[in-house]
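Peer 1: File structure.csv follows (CSV, C-alpha atoms):
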```
chain,number,residue,atom,x,y,z
A,144,MET,CA,22.8,2.9,4.1
A,145,ILE,CA,20.0,2.4,1.5
A,146,PRO,CA,19.6,-1.3,0.5
A,147,SER,CA,20.5,-1.9,-3.1
A,148,ILE,CA,17.0,-3.1,-3.9
A,149,ALA,CA,15.9,0.5,-3.5
A,150,PHE,CA,18.0,1.4,-6.5
A,151,GLN,CA,17.1,-1.6,-8.6
A,152,LYS,CA,13.4,-0.7,-8.8
A,153,ILE,CA,14.1,2.8,-10.0
A,154,SER,CA,14.4,3.3,-13.8
A,155,ARG,CA,13.2,6.6,-15.3
A,156,SER,CA,12.8,7.8,-18.8
A,157,LEU,CA,13.0,11.3,-20.2
A,158,PRO,CA,10.1,13.4,-19.0
A,159,SER,CA,8.2,15.7,-21.3
A,160,THR,CA,9.8,18.7,-19.7
A,161,LEU,CA,12.8,19.2,-17.5
A,162,THR,CA,12.3,21.6,-14.7
A,163,GLN,CA,14.9,23.6,-12.7
A,164,ILE,CA,14.9,26.5,-10.3
A,165,ARG,CA,17.7,28.5,-11.7
A,166,SER,CA,20.3,28.5,-14.5
A,167,LEU,CA,23.0,25.9,-14.3
A,168,ASN,CA,26.8,26.0,-15.0
A,169,THR,CA,27.8,22.6,-16.4
A,170,ALA,CA,31.4,21.7,-17.1
A,171,PHE,CA,32.0,18.8,-19.5
A,172,VAL,CA,35.5,17.3,-19.9
A,173,GLY,CA,36.1,14.9,-22.7
A,174,VAL,CA,34.4,15.7,-26.0
A,175,GLY,CA,35.5,12.9,-28.2
A,176,GLN,CA,33.3,10.5,-30.3
A,177,MET,CA,30.7,10.2,-27.6
A,178,GLY,CA,31.2,13.3,-25.6
A,179,LEU,CA,30.8,15.7,-28.5
A,180,ARG,CA,27.4,14.2,-29.4
A,181,MET,CA,26.3,14.2,-25.8
A,182,CYS,CA,27.3,17.8,-25.5
A,183,ARG,CA,25.1,18.7,-28.4
A,184,ASN,CA,22.1,17.2,-26.8
A,185,LEU,CA,23.0,18.7,-23.4
A,186,LYS,CA,22.9,22.1,-25.0
A,187,LYS,CA,19.8,21.4,-26.9
A,188,ASN,CA,17.9,20.3,-23.8
A,189,SER,CA,19.2,23.0,-21.5
A,190,GLY,CA,17.7,26.4,-20.7
A,191,GLU,CA,18.7,29.6,-22.6
A,192,ASP,CA,20.6,30.9,-19.5
A,193,ASP,CA,22.4,27.6,-18.8
A,194,ARG,CA,26.1,27.7,-19.5
A,195,ILE,CA,27.9,24.7,-21.0
A,196,LEU,CA,31.7,24.8,-20.6
A,197,VAL,CA,33.8,22.1,-22.2
A,198,HIS,CA,37.5,21.1,-22.1
A,199,ASP,CA,39.4,18.6,-24.0
A,200,SER,CA,43.1,18.1,-24.9
A,201,ARG,CA,42.0,18.6,-28.5
A,202,LEU,CA,38.9,20.7,-28.7
A,203,PRO,CA,36.8,19.9,-31.8
A,204,GLU,CA,36.1,22.7,-34.2
A,205,ASP,CA,32.4,21.9,-34.5
A,206,LEU,CA,31.3,22.6,-30.9
A,207,PRO,CA,27.6,23.4,-30.7
A,208,VAL,CA,26.7,27.1,-30.9
A,209,GLY,CA,26.6,28.6,-27.5
A,210,VAL,CA,28.9,26.0,-25.9
A,211,GLU,CA,32.1,27.6,-24.5
A,212,GLY,CA,35.4,25.8,-25.2
A,213,PHE,CA,38.5,26.0,-23.0
A,214,SER,CA,42.0,24.8,-23.5
A,215,ASN,CA,42.6,24.2,-19.8
A,216,ILE,CA,40.6,23.4,-16.6
A,217,ARG,CA,41.7,26.5,-14.7
A,218,ASP,CA,40.3,28.9,-17.3
A,219,MET,CA,37.0,26.9,-17.5
A,220,VAL,CA,36.5,27.1,-13.7
A,221,PHE,CA,37.6,30.7,-13.4
A,222,SER,CA,35.2,31.7,-16.1
A,223,VAL,CA,32.3,31.2,-13.7
A,224,ASN,CA,34.2,32.2,-10.6
A,225,GLY,CA,34.2,28.6,-9.4
A,226,ASP,CA,30.4,28.4,-9.5
A,227,VAL,CA,30.3,25.0,-11.2
A,228,ASP,CA,27.0,23.2,-10.5
A,229,VAL,CA,27.8,20.0,-12.4
A,230,LEU,CA,31.0,18.4,-13.8
A,231,LEU,CA,30.6,15.7,-16.4
A,232,THR,CA,33.6,13.6,-17.3
A,233,ALA,CA,33.7,11.3,-20.4
A,234,LEU,CA,37.3,10.1,-20.5
A,235,PRO,CA,39.0,7.0,-21.9
A,236,ASN,CA,40.6,5.4,-18.8
A,237,ASP,CA,41.2,5.5,-15.1
A,238,VAL,CA,44.4,7.6,-15.2
A,239,ALA,CA,42.7,10.3,-17.3
A,240,VAL,CA,39.6,10.5,-14.9
A,241,ARG,CA,41.8,10.7,-11.8
A,242,SER,CA,44.0,13.4,-13.3
A,243,VAL,CA,41.1,15.6,-14.4
A,244,LEU,CA,39.3,15.3,-11.1
A,245,THR,CA,42.4,16.0,-9.1
A,246,GLU,CA,43.1,19.2,-11.1
A,247,PHE,CA,39.5,20.2,-11.0
A,248,LEU,CA,39.3,19.8,-7.2
A,249,GLU,CA,42.5,21.8,-6.7
A,250,THR,CA,41.1,24.6,-8.9
A,251,LEU,CA,37.7,24.6,-7.2
A,252,SER,CA,39.4,25.0,-3.8
A,253,VAL,CA,40.7,28.4,-5.0
A,254,LYS,CA,37.5,29.8,-6.4
A,255,GLN,CA,34.5,28.0,-5.1
A,256,SER,CA,32.7,29.2,-2.0
A,257,SER,CA,33.0,26.7,0.9
A,258,SER,CA,29.2,26.7,1.3
A,259,LYS,CA,28.7,25.3,-2.2
A,260,GLY,CA,29.2,21.9,-3.6
A,261,THR,CA,29.4,20.4,-7.1
A,262,LEU,CA,27.7,17.3,-8.5
A,263,PHE,CA,30.4,15.1,-10.2
A,264,ILE,CA,29.0,12.7,-12.8
A,265,ASP,CA,31.6,10.4,-14.3
A,266,VAL,CA,30.2,8.7,-17.4
A,267,SER,CA,33.5,7.1,-18.3
A,268,THR,CA,34.1,3.3,-18.2
A,269,VAL,CA,36.7,2.7,-15.5
A,270,SER,CA,37.4,0.2,-12.8
A,271,PRO,CA,35.0,0.0,-9.9
A,272,SER,CA,37.9,0.3,-7.4
A,273,THR,CA,39.0,3.6,-9.1
A,274,THR,CA,35.5,4.9,-8.9
A,275,ILE,CA,35.2,4.2,-5.2
A,276,ASP,CA,38.6,5.9,-4.6
A,277,LEU,CA,37.5,9.0,-6.6
A,278,HIS,CA,34.2,9.1,-4.6
A,279,ARG,CA,36.2,9.2,-1.4
A,280,LEU,CA,38.6,11.9,-2.8
A,281,VAL,CA,35.8,14.1,-4.0
A,282,THR,CA,33.6,13.9,-0.9
A,283,GLU,CA,36.5,14.2,1.6
A,284,THR,CA,37.6,17.4,-0.2
A,285,ASN,CA,34.2,19.0,0.4
A,286,SER,CA,31.4,17.3,2.2
A,287,LYS,CA,28.9,19.2,0.0
A,288,HIS,CA,30.3,17.6,-3.2
A,289,ILE,CA,28.4,14.6,-4.6
A,290,PHE,CA,30.1,12.0,-6.8
A,291,VAL,CA,28.3,9.4,-8.9
A,292,ASP,CA,29.3,7.0,-11.6
A,293,ALA,CA,27.0,6.7,-14.6
A,294,PRO,CA,28.7,4.8,-17.5
A,295,MET,CA,26.6,4.7,-20.6
A,296,SER,CA,25.4,2.2,-23.2
A,297,GLY,CA,24.2,2.6,-26.8
A,298,GLY,CA,27.2,3.7,-28.7
A,299,VAL,CA,27.8,6.7,-31.0
A,300,ALA,CA,24.4,6.3,-32.7
A,301,ALA,CA,22.6,6.6,-29.3
A,302,ALA,CA,24.8,9.5,-28.3
A,303,GLU,CA,23.8,11.3,-31.5
A,304,LYS,CA,20.1,10.6,-31.0
A,305,GLY,CA,20.1,11.3,-27.3
A,306,SER,CA,18.9,7.8,-26.5
A,307,LEU,CA,21.7,6.6,-24.3
A,308,THR,CA,21.1,4.4,-21.2
A,309,PHE,CA,23.0,5.3,-18.1
A,310,MET,CA,24.0,2.8,-15.4
A,311,LEU,CA,24.0,4.8,-12.1
A,312,GLY,CA,26.1,4.1,-9.0
A,313,CYS,CA,25.0,6.6,-6.3
A,314,ASN,CA,25.4,6.7,-2.5
A,315,ILE,CA,22.2,8.4,-1.4
A,316,SER,CA,23.7,8.7,2.1
A,317,ASP,CA,25.9,11.4,0.7
A,318,SER,CA,23.0,13.7,0.9
A,319,ASN,CA,20.2,14.4,3.4
A,320,ASP,CA,17.7,14.8,0.6
A,321,GLU,CA,17.3,11.5,-1.2
A,322,VAL,CA,14.7,12.8,-3.7
A,323,ASN,CA,16.7,15.9,-4.5
A,324,THR,CA,19.9,13.9,-5.2
A,325,ILE,CA,18.1,11.5,-7.6
A,326,ASN,CA,16.4,14.3,-9.3
A,327,ARG,CA,19.6,16.4,-9.8
A,328,VAL,CA,21.4,13.4,-11.3
A,329,GLU,CA,18.6,12.4,-13.6
A,330,ASP,CA,17.8,16.0,-14.7
A,331,VAL,CA,21.3,16.1,-16.2
A,332,LEU,CA,21.6,12.6,-17.6
A,333,LEU,CA,18.1,12.6,-19.2
A,334,ARG,CA,19.2,15.6,-21.3
A,335,MET,CA,21.5,13.2,-23.1
A,336,GLY,CA,19.7,9.9,-22.8
A,337,LYS,CA,16.4,8.1,-22.5
A,338,LYS,CA,16.9,6.0,-19.4
A,339,VAL,CA,18.7,5.9,-16.1
A,340,ILE,CA,19.0,2.6,-14.2
A,341,HIS,CA,20.1,2.7,-10.6
A,342,CYS,CA,22.4,-0.2,-10.1
A,343,GLY,CA,23.4,0.4,-6.4
A,344,ASN,CA,26.0,2.4,-4.6
A,345,VAL,CA,29.0,4.1,-6.1
A,346,GLY,CA,30.9,1.6,-8.3
A,347,MET,CA,27.9,-0.6,-9.2
A,348,GLY,CA,27.3,1.4,-12.4
A,349,GLU,CA,30.8,0.5,-13.5
A,350,VAL,CA,30.2,-3.2,-12.6
A,351,ALA,CA,27.1,-3.2,-14.7
A,352,LYS,CA,28.9,-1.6,-17.6
A,353,LEU,CA,31.8,-4.0,-17.5
A,354,CYS,CA,29.5,-7.0,-17.4
A,355,ASN,CA,27.5,-5.6,-20.3
A,356,ASN,CA,30.6,-5.0,-22.4
A,357,LEU,CA,32.0,-8.4,-21.7
A,358,ALA,CA,28.9,-10.0,-23.0
A,359,LEU,CA,28.9,-7.7,-26.0
A,360,ALA,CA,32.4,-8.6,-26.9
A,361,VAL,CA,31.6,-12.3,-26.9
A,362,GLN,CA,28.3,-11.6,-28.7
A,363,MET,CA,30.2,-9.8,-31.5
A,364,GLY,CA,32.6,-12.7,-31.9
A,365,GLY,CA,29.6,-15.0,-32.5
A,366,ILE,CA,28.1,-12.7,-35.1
A,367,CYS,CA,31.4,-12.4,-36.9
A,368,GLU,CA,31.9,-16.1,-37.1
A,369,ALA,CA,28.3,-16.7,-38.3
A,370,MET,CA,28.6,-14.1,-41.0
A,371,ILE,CA,31.9,-15.6,-42.2
A,372,LEU,CA,30.4,-19.1,-42.1
A,373,GLY,CA,27.4,-17.9,-44.2
A,374,GLU,CA,29.8,-16.4,-46.7
A,375,GLN,CA,31.6,-19.7,-47.0
A,376,PHE,CA,28.4,-21.5,-47.8
A,377,GLY,CA,27.4,-18.8,-50.3
A,378,ILE,CA,24.4,-17.2,-48.7
A,379,ASP,CA,23.8,-13.5,-49.4
A,380,PRO,CA,25.0,-11.7,-46.2
A,381,ILE,CA,22.0,-9.4,-46.3
A,382,ILE,CA,19.6,-12.2,-46.4
A,383,LEU,CA,21.4,-14.0,-43.6
A,384,SER,CA,21.3,-10.8,-41.5
A,385,GLN,CA,17.6,-10.5,-42.1
A,386,VAL,CA,17.0,-14.0,-41.0
A,387,MET,CA,19.1,-13.6,-37.8
A,388,ASN,CA,17.5,-10.3,-36.9
A,389,VAL,CA,14.0,-11.9,-36.7
A,390,SER,CA,15.2,-15.1,-35.2
A,391,THR,CA,16.8,-16.2,-31.9
A,392,ALA,CA,20.2,-14.8,-32.9
A,393,LYS,CA,18.9,-11.3,-32.9
A,394,CYS,CA,21.1,-9.0,-31.0
A,395,TRP,CA,22.8,-5.5,-31.1
A,396,SER,CA,25.9,-6.8,-32.8
A,397,GLY,CA,23.9,-8.2,-35.6
A,398,GLU,CA,21.2,-5.6,-36.0
A,399,VAL,CA,22.9,-2.3,-35.1
A,400,ASP,CA,26.6,-2.9,-35.5
A,401,ASN,CA,26.7,-5.7,-38.1
A,402,PRO,CA,30.4,-6.4,-38.9
A,403,HIS,CA,29.8,-7.3,-42.6
A,404,PRO,CA,30.4,-4.2,-44.8
A,405,LYS,CA,27.6,-5.1,-47.3
A,406,VAL,CA,25.1,-5.4,-44.5
A,407,ALA,CA,26.5,-2.2,-42.8
A,408,GLU,CA,25.8,-0.2,-45.9
A,409,LEU,CA,22.1,-0.5,-45.1
A,410,THR,CA,22.4,0.7,-41.5
A,411,GLY,CA,25.4,3.1,-41.8
A,412,SER,CA,27.3,1.3,-39.1
A,413,PRO,CA,31.1,1.5,-38.9
A,414,ALA,CA,31.7,-1.5,-41.1
A,415,ALA,CA,30.4,0.6,-44.0
A,416,HIS,CA,33.0,3.2,-43.3
A,417,ASN,CA,36.1,1.0,-43.2
A,418,TYR,CA,35.3,0.5,-39.5
A,419,ASN,CA,36.0,4.1,-38.6
A,420,GLY,CA,33.9,5.7,-35.8
A,421,GLY,CA,32.0,3.6,-33.3
A,422,PHE,CA,33.5,1.9,-30.3
A,423,SER,CA,37.1,1.3,-30.8
A,424,LEU,CA,38.6,-2.2,-30.4
A,425,GLU,CA,41.2,-0.5,-28.1
A,426,LEU,CA,38.5,0.6,-25.7
A,427,MET,CA,36.7,-2.8,-25.8
A,428,LEU,CA,39.9,-4.5,-25.0
A,429,LYS,CA,40.4,-2.2,-22.0
A,430,ASP,CA,36.9,-2.9,-20.7
A,431,MET,CA,37.3,-6.7,-21.1
A,432,SER,CA,40.6,-6.6,-19.3
A,433,LEU,CA,39.1,-4.6,-16.4
A,434,ALA,CA,36.2,-7.0,-16.1
A,435,LEU,CA,38.4,-10.2,-16.2
A,436,SER,CA,40.9,-8.7,-13.7
A,437,ASN,CA,38.2,-8.5,-10.9
A,438,GLY,CA,37.3,-5.0,-12.0
A,439,GLY,CA,40.7,-3.8,-11.0
A,440,ASN,CA,40.1,-4.7,-7.3
A,441,ALA,CA,42.5,-7.2,-5.8
A,442,GLU,CA,40.2,-7.5,-2.8
A,443,VAL,CA,37.5,-9.1,-4.9
A,444,SER,CA,37.7,-12.8,-5.4
A,445,PHE,CA,35.5,-15.0,-7.6
A,446,ARG,CA,34.0,-17.9,-5.9
A,447,ASP,CA,35.7,-21.2,-6.9
A,448,GLU,CA,37.9,-19.1,-9.3
A,449,PRO,CA,35.9,-19.7,-12.5
A,450,THR,CA,37.9,-19.4,-15.7
A,451,PHE,CA,35.3,-17.7,-17.8
A,452,PRO,CA,36.4,-19.6,-20.9
A,453,LEU,CA,34.3,-17.8,-23.5
A,454,SER,CA,35.3,-14.3,-22.3
A,455,THR,CA,39.0,-15.3,-21.9
A,456,ASN,CA,39.2,-16.7,-25.4
A,457,ALA,CA,37.4,-13.7,-26.8
A,458,LEU,CA,39.9,-11.4,-25.0
A,459,GLN,CA,42.8,-13.2,-26.7
A,460,LEU,CA,41.2,-12.8,-30.1
A,461,TYR,CA,40.6,-9.0,-29.6
A,462,ARG,CA,44.2,-8.7,-28.3
A,463,MET,CA,45.5,-10.4,-31.4
A,464,ALA,CA,43.4,-8.1,-33.6
A,465,TYR,CA,44.8,-5.1,-31.6
A,466,ASN,CA,48.3,-6.3,-32.3
A,467,HIS,CA,47.5,-6.6,-36.1
A,468,GLY,CA,46.9,-2.8,-36.2
A,469,TYR,CA,43.1,-2.7,-35.7
A,470,LYS,CA,43.1,-0.9,-32.3
A,471,LYS,CA,41.6,2.4,-33.5
A,472,ARG,CA,38.8,0.7,-35.6
A,473,ASP,CA,35.3,-0.2,-34.4
A,474,PHE,CA,35.5,-3.4,-32.5
A,475,SER,CA,33.4,-5.1,-35.2
A,476,VAL,CA,36.6,-5.1,-37.2
A,477,LEU,CA,37.2,-8.4,-35.5
A,478,TYR,CA,35.3,-9.8,-38.5
A,479,GLN,CA,38.2,-8.8,-40.8
A,480,PHE,CA,40.7,-10.3,-38.5
A,481,LEU,CA,38.9,-13.6,-38.3
A,482,LYS,CA,38.8,-13.7,-42.1
A,483,GLY,CA,42.5,-13.5,-42.1
A,484,GLN,CA,42.8,-10.0,-43.4
A,485,THR,CA,45.6,-7.9,-41.8
A,486,LYS,CA,44.5,-4.6,-43.3
A,487,VAL,CA,41.2,-2.9,-44.1
```
Show how you would write the structure in this file as structure tokens.

Peer 2:
Amino acid sequence: MIPSIAFQKISRSLPSTLTQIRSLNTAFVGVGQMGLRMCRNLKKNSGEDDRILVHDSRLPEDLPVGVEGFSNIRDMVFSVNGDVDVLLTALPNDVAVRSVLTEFLETLSVKQSSSKGTLFIDVSTVSPSTTIDLHRLVTETNSKHIFVDAPMSGGVAAAEKGSLTFMLGCNISDSNDEVNTINRVEDVLLRMGKKVIHCGNVGMGEVAKLCNNLALAVQMGGICEAMILGEQFGIDPIILSQVMNVSTAKCWSGEVDNPHPKVAELTGSPAAHNYNGGFSLELMLKDMSLALSNGGNAEVSFRDEPTFPLSTNALQLYRMAYNHGYKKRDFSVLYQFLKGQTKV
């Protein structure tokens, strides 16, 4: 087994050119807010002969030119006679990822040559325990399959710009060719993002993502309260934001996804659009719940059973906002909930 330190020191950015030996057939399942934008960049940065096949329960009407949409997984796999080089999944929860991979594996078993394997890249945010189970399912079905988790960070804006960061969990021992495995994964991910950070074996990408989002949720709560306090004192929110963004309170929640509608008008973030778009409060609540429930793994126990008071209280606030009807809005809508508004 490769020590985790070997992963921690590898972090690559998008090269000037992406090389490949032959055309690729890439299947992409889950083209929602993030997935559709990622798919556009995947197509833009792929070769002319590469085929991009997508499936979603509700296919968007504005698929990129040249991207092939399918209403079901069977037709998608059969369209290339089972010759799927890469499967990307960008789905909302554990159940959806497990369901798609199970159906995909069953369909591949009918059409794919036994001498060929597929690279499975799950960019969803799910529990580490589910990820490890899925890795086992995929690799036991066909020893030539490779499964990695690569949840992403950066939000809708980064997905649009192609500047996402991917947190990679990858068992190099799955392949006899370490360099080739790393290059294959990065070649795909860097068509949609700017950085891949290796976090350890399968599941560690999800651990990194859950920790990041837990911190982000607490961070947003602090920014919301600061903006509300500033309003109560009478300072212009734009000026307050300018001060915070060049001072020690500078952070993503204040600079990129500021929850105050007046400030958001300058950046185009969700608060300027009635909190539509962005990262939904529903998904943030899911990620926080996963993180605070030991990542969904009952075998993991926290030393001395810490209570994580900041995160636990933040979780309760987001849950209350969810119950007030904000679940589909960007999670920065917490600002409105804390102000006492039940509707936006």

Peer 1: Taking 4 positions as the minimum chain separation for residues in the same chain, which residues sit within 12 Å of A:Glu398 when counting all atoms listed in the file? Answer as a CSV table (one decimal) with C-alpha atoms, in the frame of the given file.

Peer 2:
```csv
chain,number,residue,atom,x,y,z
A,362,GLN,CA,28.3,-11.6,-28.7
A,363,MET,CA,30.2,-9.8,-31.5
A,366,ILE,CA,28.1,-12.7,-35.1
A,381,ILE,CA,22.0,-9.4,-46.3
A,383,LEU,CA,21.4,-14.0,-43.6
A,384,SER,CA,21.3,-10.8,-41.5
A,385,GLN,CA,17.6,-10.5,-42.1
A,386,VAL,CA,17.0,-14.0,-41.0
A,387,MET,CA,19.1,-13.6,-37.8
A,388,ASN,CA,17.5,-10.3,-36.9
A,389,VAL,CA,14.0,-11.9,-36.7
A,390,SER,CA,15.2,-15.1,-35.2
A,392,ALA,CA,20.2,-14.8,-32.9
A,393,LYS,CA,18.9,-11.3,-32.9
A,394,CYS,CA,21.1,-9.0,-31.0
A,402,PRO,CA,30.4,-6.4,-38.9
A,403,HIS,CA,29.8,-7.3,-42.6
A,406,VAL,CA,25.1,-5.4,-44.5
A,407,ALA,CA,26.5,-2.2,-42.8
A,409,LEU,CA,22.1,-0.5,-45.1
A,410,THR,CA,22.4,0.7,-41.5
A,411,GLY,CA,25.4,3.1,-41.8
A,412,SER,CA,27.3,1.3,-39.1
```

Peer 1: Which residues are close to stretch 350-361 of chain A, i.e. within 8 Å by all atoms listed in the file, leaving aside same-chain residues fewer than 6 positions away? Reply as a PDB file with C-alpha atoms, keeping the file's coordinate frame.

Peer 2:
```
ATOM      1  CA  THR A 268      34.100   3.300 -18.200  1.00  0.00           C
ATOM      2  CA  SER A 270      37.400   0.200 -12.800  1.00  0.00           C
ATOM      3  CA  PRO A 271      35.000   0.000  -9.900  1.00  0.00           C
ATOM      4  CA  PRO A 294      28.700   4.800 -17.500  1.00  0.00           C
ATOM      5  CA  MET A 295      26.600   4.700 -20.600  1.00  0.00           C
ATOM      6  CA  SER A 296      25.400   2.200 -23.200  1.00  0.00           C
ATOM      7  CA  MET A 310      24.000   2.800 -15.400  1.00  0.00           C
ATOM      8  CA  CYS A 342      22.400  -0.200 -10.100  1.00  0.00           C
ATOM      9  CA  SER A 396      25.900  -6.800 -32.800  1.00  0.00           C
ATOM     10  CA  MET A 427      36.700  -2.800 -25.800  1.00  0.00           C
ATOM     11  CA  ASP A 430      36.900  -2.900 -20.700  1.00  0.00           C
ATOM     12  CA  MET A 431      37.300  -6.700 -21.100  1.00  0.00           C
ATOM     13  CA  LEU A 433      39.100  -4.600 -16.400  1.00  0.00           C
ATOM     14  CA  ALA A 434      36.200  -7.000 -16.100  1.00  0.00           C
ATOM     15  CA  GLY A 438      37.300  -5.000 -12.000  1.00  0.00           C
ATOM     16  CA  LEU A 453      34.300 -17.800 -23.500  1.00  0.00           C
ATOM     17  CA  SER A 454      35.300 -14.300 -22.300  1.00  0.00           C
ATOM     18  CA  ALA A 457      37.400 -13.700 -26.800  1.00  0.00           C
TER      19      ALA A 457
END
```

Peer 1: What residues have an atom no more than 12 Å from (25.1, 8.2, -14.6) in the file's own frame, counting all atoms listed in the file, and can you write them as a CSV table (one decimal) with C-alpha atoms, in the frame of the given file?

Peer 2:
```csv
chain,number,residue,atom,x,y,z
A,154,SER,CA,14.4,3.3,-13.8
A,230,LEU,CA,31.0,18.4,-13.8
A,231,LEU,CA,30.6,15.7,-16.4
A,232,THR,CA,33.6,13.6,-17.3
A,233,ALA,CA,33.7,11.3,-20.4
A,262,LEU,CA,27.7,17.3,-8.5
A,263,PHE,CA,30.4,15.1,-10.2
A,264,ILE,CA,29.0,12.7,-12.8
A,265,ASP,CA,31.6,10.4,-14.3
A,266,VAL,CA,30.2,8.7,-17.4
A,267,SER,CA,33.5,7.1,-18.3
A,268,THR,CA,34.1,3.3,-18.2
A,290,PHE,CA,30.1,12.0,-6.8
A,291,VAL,CA,28.3,9.4,-8.9
A,292,ASP,CA,29.3,7.0,-11.6
A,293,ALA,CA,27.0,6.7,-14.6
A,294,PRO,CA,28.7,4.8,-17.5
A,295,MET,CA,26.6,4.7,-20.6
A,296,SER,CA,25.4,2.2,-23.2
A,307,LEU,CA,21.7,6.6,-24.3
A,308,THR,CA,21.1,4.4,-21.2
A,309,PHE,CA,23.0,5.3,-18.1
A,310,MET,CA,24.0,2.8,-15.4
A,311,LEU,CA,24.0,4.8,-12.1
A,312,GLY,CA,26.1,4.1,-9.0
A,313,CYS,CA,25.0,6.6,-6.3
A,325,ILE,CA,18.1,11.5,-7.6
A,326,ASN,CA,16.4,14.3,-9.3
A,327,ARG,CA,19.6,16.4,-9.8
A,328,VAL,CA,21.4,13.4,-11.3
A,329,GLU,CA,18.6,12.4,-13.6
A,330,ASP,CA,17.8,16.0,-14.7
A,331,VAL,CA,21.3,16.1,-16.2
A,332,LEU,CA,21.6,12.6,-17.6
A,333,LEU,CA,18.1,12.6,-19.2
A,334,ARG,CA,19.2,15.6,-21.3
A,335,MET,CA,21.5,13.2,-23.1
A,336,GLY,CA,19.7,9.9,-22.8
A,337,LYS,CA,16.4,8.1,-22.5
A,338,LYS,CA,16.9,6.0,-19.4
A,339,VAL,CA,18.7,5.9,-16.1
A,340,ILE,CA,19.0,2.6,-14.2
A,341,HIS,CA,20.1,2.7,-10.6
A,342,CYS,CA,22.4,-0.2,-10.1
A,343,GLY,CA,23.4,0.4,-6.4
A,344,ASN,CA,26.0,2.4,-4.6
A,345,VAL,CA,29.0,4.1,-6.1
A,346,GLY,CA,30.9,1.6,-8.3
A,347,MET,CA,27.9,-0.6,-9.2
A,348,GLY,CA,27.3,1.4,-12.4
A,349,GLU,CA,30.8,0.5,-13.5
A,351,ALA,CA,27.1,-3.2,-14.7
A,352,LYS,CA,28.9,-1.6,-17.6
```

Peer 1: Leaving out A:Ser222 and any residue of its chain fewer than 3 positions from it, which residues lie within 12 Å of it when counting only C-alpha atoms, given as a PyMOL selection string?

Peer 2: chain A and resi 168-170+194-197+211-213+215-219+225-227+250-251+254-255

Peer 1: Would you compute the distance between atom CA of A:Ala464 and atom CA of A:Gly365? Give it in Å to one decimal.

Peer 2: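 These two atoms are separated by 15.5 Å.
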
Peer 1: When distances are computed from only C-alpha atoms, which of A:Pro404, A:Gly421, A:Gly364, A:Pro235 shows the smallest separation from A:Gln459?

Peer 2: A:Gly364

Peer 1: Which polymer residues have any atom within 12 Å of an atom of stretch 202-209 of chain A, counting all atoms listed in the file, with same-chain residues fewer than 3 positions away left out, as a ChimeraX atom specification?

Peer 2: /A:171-176,178-187,189-199,212-215

Peer 1: For atom CA of A:Phe422 and atom CA of A:Val238, determine how far apart the two atoms are, in Å to one decimal place.

Peer 2: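 These atoms are spaced 19.5 Å apart.
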
Peer 1: Since the input has fewer atoms than a full residue there, write stretch 330-341 of chain A out with N, CA and C atoms, as a short mmCIF file (atom, residue, chain, number, x, y, z; two decimals), keeping the file's coordinate frame.

Peer 2:
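Output contents, as saved in result_2.cif:
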```cif
data_model
loop_
_atom_site.label_atom_id
_atom_site.label_comp_id
_atom_site.auth_asym_id
_atom_site.auth_seq_id
_atom_site.Cartn_x
_atom_site.Cartn_y
_atom_site.Cartn_z
N ASP A 330 18.10 14.76 -13.89
CA ASP A 330 17.80 16.00 -14.70
C ASP A 330 18.95 16.20 -15.68
N VAL A 331 20.18 15.94 -15.27
CA VAL A 331 21.30 16.10 -16.20
C VAL A 331 21.41 14.99 -17.19
N LEU A 332 21.36 13.77 -16.72
CA LEU A 332 21.60 12.60 -17.60
C LEU A 332 20.48 12.47 -18.66
N LEU A 333 19.25 12.81 -18.30
CA LEU A 333 18.10 12.60 -19.20
C LEU A 333 18.09 13.74 -20.29
N ARG A 334 19.00 14.67 -20.24
CA ARG A 334 19.20 15.60 -21.30
C ARG A 334 19.99 15.00 -22.46
N MET A 335 20.67 13.90 -22.15
CA MET A 335 21.50 13.20 -23.10
C MET A 335 21.13 11.80 -23.40
N GLY A 336 20.16 11.30 -22.68
CA GLY A 336 19.70 9.90 -22.80
C GLY A 336 18.28 9.72 -22.58
N LYS A 337 17.85 8.47 -22.63
CA LYS A 337 16.40 8.10 -22.50
C LYS A 337 16.14 7.36 -21.18
N LYS A 338 17.18 6.81 -20.56
CA LYS A 338 16.90 6.00 -19.40
C LYS A 338 18.08 6.03 -18.43
N VAL A 339 17.75 6.05 -17.14
CA VAL A 339 18.70 5.90 -16.10
C VAL A 339 18.34 4.75 -15.20
N ILE A 340 19.24 3.79 -15.07
CA ILE A 340 19.00 2.60 -14.20
C ILE A 340 19.89 2.66 -13.03
N HIS A 341 19.30 2.67 -11.86
CA HIS A 341 20.10 2.70 -10.60
C HIS A 341 20.56 1.30 -10.29
#
```
